[in-house]
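Working notes for the structure below.
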Amino acid sequence: MSNIQRVAVIGLGTMGHGIAQTFAMAGCTVTGFDDVKAAGDTVHDRVRQNLRDFVGAELFPVDQVDAVLKRIVVCQSEAEAVHDAQFVTEAVREELVAKQELIARLELHVADDTILASNSSTFPISQSGAGLKRPERAVVTHWFNPPHIVPTVEVVGSPLTNEVTIQATLELLRRSGKLAIRINQELPGFLVNRVQIAVMREVWDLFDRSVASIEDIDAAIQGSMGFRLAALGPLRIHDFGGLDIQTAVYRNLSPEIASGTQVPKSVQRIVDAGHHGFKNGHGFYQYSPESSEQIRSERDQKFLSLLKLFHSRQK
Ligand SMILES: NC(=O)c1ccc[n+]([C@@H]2O[C@H](COP(=O)([O-])OP(=O)(O)OC[C@H]3O[C@@H](n4cnc5c(N)ncnc54)[C@H](O)[C@@H]3O)[C@@H](O)[C@H]2O)c1
């Protein structure tokens, strides 16, 4: 199936609303459902705000904003949202049973060739789609937050997923401006999260040991690894560094760095205190409720500047 025009998104939270926006910006009709009414009720406001940032960054024409918003239709039930869709993605919470039950229920309401996608960060589709009668149409599409801005989406089938599903999914995502990457094996965490967790483990260990202040840890990484990675992939960076040198550094340092599997105590204490980050105002940093929209907008403006650079490199 190619030229998909009707998409459904189940779960309209942090990820779902941005995924809906992306497909609507690409001209698709997007039907959405969230079992929390407030999430459905606020989708258009959240997408309008996101689009304002796109317009401000000259990445989207202002005269098409209303058309994008009109293409997103919030439905009153999951069945209504998916029944006419050619591509359905779930973006509900990261709980295996919840996803399994939802995906199996969705299959009852869709056409035989509708693609069923899961935006799981960790669960392969052979697990989350375990109850499917037609597992050949199931696939993971793993987006990154904010999904309407970050280019990469990982596309991961199970051994049962057919080639038609993979190709149609890649085509839809690429047509929607995404850098869709096919992952050849069903690894837990796919590709990018495995790398992100490796970096997170070391960063949290350095924080735990107070090797530098929070601000300095962020600044050091941003001004080095982050700076290079915004322009070049890691393997290319290694080539430029010289593989003779890089292999020596790897041999010398890999026994020294964090290799544990427990969250460091200092980070766990922050979470146990109920500090979950930006969403409730306290994390490694503090965020006041009055400035939260401005902080989110400033973050997205920085990301959008990078997106412009990214697009210019693709040309
Ligand atoms: N937040 C991230 O950075 C990120 C990045 C990549 C992938 N993901 C994955 O995306 C998924 C969603 O994460 P999120 O951050 O958007 O979560 P979220 O909590 O912001 O949003 C989830 C939404 O799903 C709704 N929901 C839950 N069960 C539902 C159901 N049965 N039917 C309809 N709606 C339902 C909730 O009301 C909520 O609005 C998770 O699997 C997560 O692992 C998240």
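Going by the structure tokens order, chains are called A, B, ..., each with residues numbered from 1, while ligands are numbered from 1 in the order shown.
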Return as a list in words the residues of protein, DNA or RNA that approach ligand 1 to within 7 Å, with only C-alpha atoms and all ligand atoms taken into account.
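Result of the 7 Å neighbour search around ligand 1: Ile10, Gly11, Leu12, Gly13, Thr14, Met15, Gly16, Phe33, Asp34, Asp35, Val36, Ala39, Glu78, Ala91, Val92, Arg93, Glu94, Ala98, Leu102, Asn119, Ser120, Ser121, Thr122, His142, Trp143, Phe144 and Asn145 of chain A.
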May I have all residues of stretch 90-245 of chain A that DSSP, computed from the backbone, assigns to strand (DSSP E or B), given as an mmCIF file with N, CA and C atoms, in the first residue's frame?
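Final output, part_6.cif:
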```cif
data_model
loop_
_atom_site.group_PDB
_atom_site.id
_atom_site.type_symbol
_atom_site.label_atom_id
_atom_site.label_comp_id
_atom_site.auth_asym_id
_atom_site.auth_seq_id
_atom_site.Cartn_x
_atom_site.Cartn_y
_atom_site.Cartn_z
ATOM 1 N N GLU A 90 -0.261 3.863 17.511
ATOM 2 C CA GLU A 90 -0.585 4.123 18.910
ATOM 3 C C GLU A 90 0.571 4.896 19.523
ATOM 4 N N ILE A 115 -2.165 -0.625 8.102
ATOM 5 C CA ILE A 115 -0.923 -0.850 8.857
ATOM 6 C C ILE A 115 -1.146 -0.439 10.315
ATOM 7 N N LEU A 116 -0.689 -1.274 11.234
ATOM 8 C CA LEU A 116 -0.788 -0.974 12.665
ATOM 9 C C LEU A 116 0.618 -0.726 13.196
ATOM 10 N N ALA A 117 0.860 0.506 13.632
ATOM 11 C CA ALA A 117 2.205 0.878 14.101
ATOM 12 C C ALA A 117 2.176 1.192 15.594
ATOM 13 N N SER A 118 3.307 0.931 16.246
ATOM 14 C CA SER A 118 3.450 1.236 17.661
ATOM 15 C C SER A 118 4.624 2.179 17.844
ATOM 16 N N ALA A 138 2.047 -5.264 11.028
ATOM 17 C CA ALA A 138 2.415 -4.548 12.259
ATOM 18 C C ALA A 138 3.883 -4.134 12.240
ATOM 19 N N VAL A 139 4.155 -2.955 12.771
ATOM 20 C CA VAL A 139 5.515 -2.402 12.700
ATOM 21 C C VAL A 139 5.715 -1.388 13.831
ATOM 22 N N VAL A 140 6.925 -1.278 14.300
ATOM 23 C CA VAL A 140 7.252 -0.175 15.219
ATOM 24 C C VAL A 140 7.692 1.025 14.396
ATOM 25 N N THR A 141 7.134 2.189 14.730
ATOM 26 C CA THR A 141 7.695 3.447 14.208
ATOM 27 C C THR A 141 8.093 4.239 15.452
ATOM 28 N N HIS A 142 9.371 4.343 15.683
ATOM 29 C CA HIS A 142 9.866 4.972 16.922
ATOM 30 C C HIS A 142 10.321 6.393 16.629
ATOM 31 N N THR A 152 14.583 11.924 12.800
ATOM 32 C CA THR A 152 14.647 10.457 12.699
ATOM 33 C C THR A 152 13.391 9.765 13.228
ATOM 34 N N VAL A 153 12.933 8.766 12.480
ATOM 35 C CA VAL A 153 11.942 7.797 12.969
ATOM 36 C C VAL A 153 12.504 6.416 12.617
ATOM 37 N N GLU A 154 12.650 5.563 13.645
ATOM 38 C CA GLU A 154 13.128 4.206 13.389
ATOM 39 C C GLU A 154 11.946 3.326 12.984
ATOM 40 N N VAL A 155 12.139 2.537 11.939
ATOM 41 C CA VAL A 155 11.090 1.631 11.460
ATOM 42 C C VAL A 155 11.595 0.205 11.679
ATOM 43 N N VAL A 156 10.880 -0.530 12.539
ATOM 44 C CA VAL A 156 11.359 -1.851 12.942
ATOM 45 C C VAL A 156 10.229 -2.870 12.815
ATOM 46 N N GLY A 157 10.377 -3.798 11.897
ATOM 47 C CA GLY A 157 9.384 -4.864 11.775
ATOM 48 C C GLY A 157 9.766 -6.050 12.641
ATOM 49 N N LEU A 179 13.235 11.506 8.509
ATOM 50 C CA LEU A 179 14.373 10.668 8.161
ATOM 51 C C LEU A 179 14.033 9.269 8.688
ATOM 52 N N ALA A 180 13.390 8.480 7.838
ATOM 53 C CA ALA A 180 12.929 7.155 8.271
ATOM 54 C C ALA A 180 14.058 6.152 8.072
ATOM 55 N N ILE A 181 14.436 5.496 9.160
ATOM 56 C CA ILE A 181 15.567 4.569 9.133
ATOM 57 C C ILE A 181 15.050 3.154 9.348
ATOM 58 N N ARG A 182 15.351 2.276 8.417
ATOM 59 C CA ARG A 182 14.948 0.878 8.579
ATOM 60 C C ARG A 182 15.954 0.159 9.478
ATOM 61 N N ILE A 183 15.455 -0.453 10.534
ATOM 62 C CA ILE A 183 16.308 -1.230 11.445
ATOM 63 C C ILE A 183 16.097 -2.702 11.090
#
```
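For the residues A:Val97, A:Pro289, A:Val9, A:Asp112, ranking by smallest atom-to-atom distance to A:Ser77 using only C-alpha atoms places A:Val9 first.
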My list of candidates is A:Gly233, A:Ser210, A:Gly226, A:Gly129. Which is closest to A:Ser266 when distances are computed with only C-alpha atoms?
A:Ser210
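If you measure from each of A:Tyr285, A:Phe207, A:Phe278, A:Phe87 to A:Leu173 using only C-alpha atoms, the closest one turns out to be A:Phe87.
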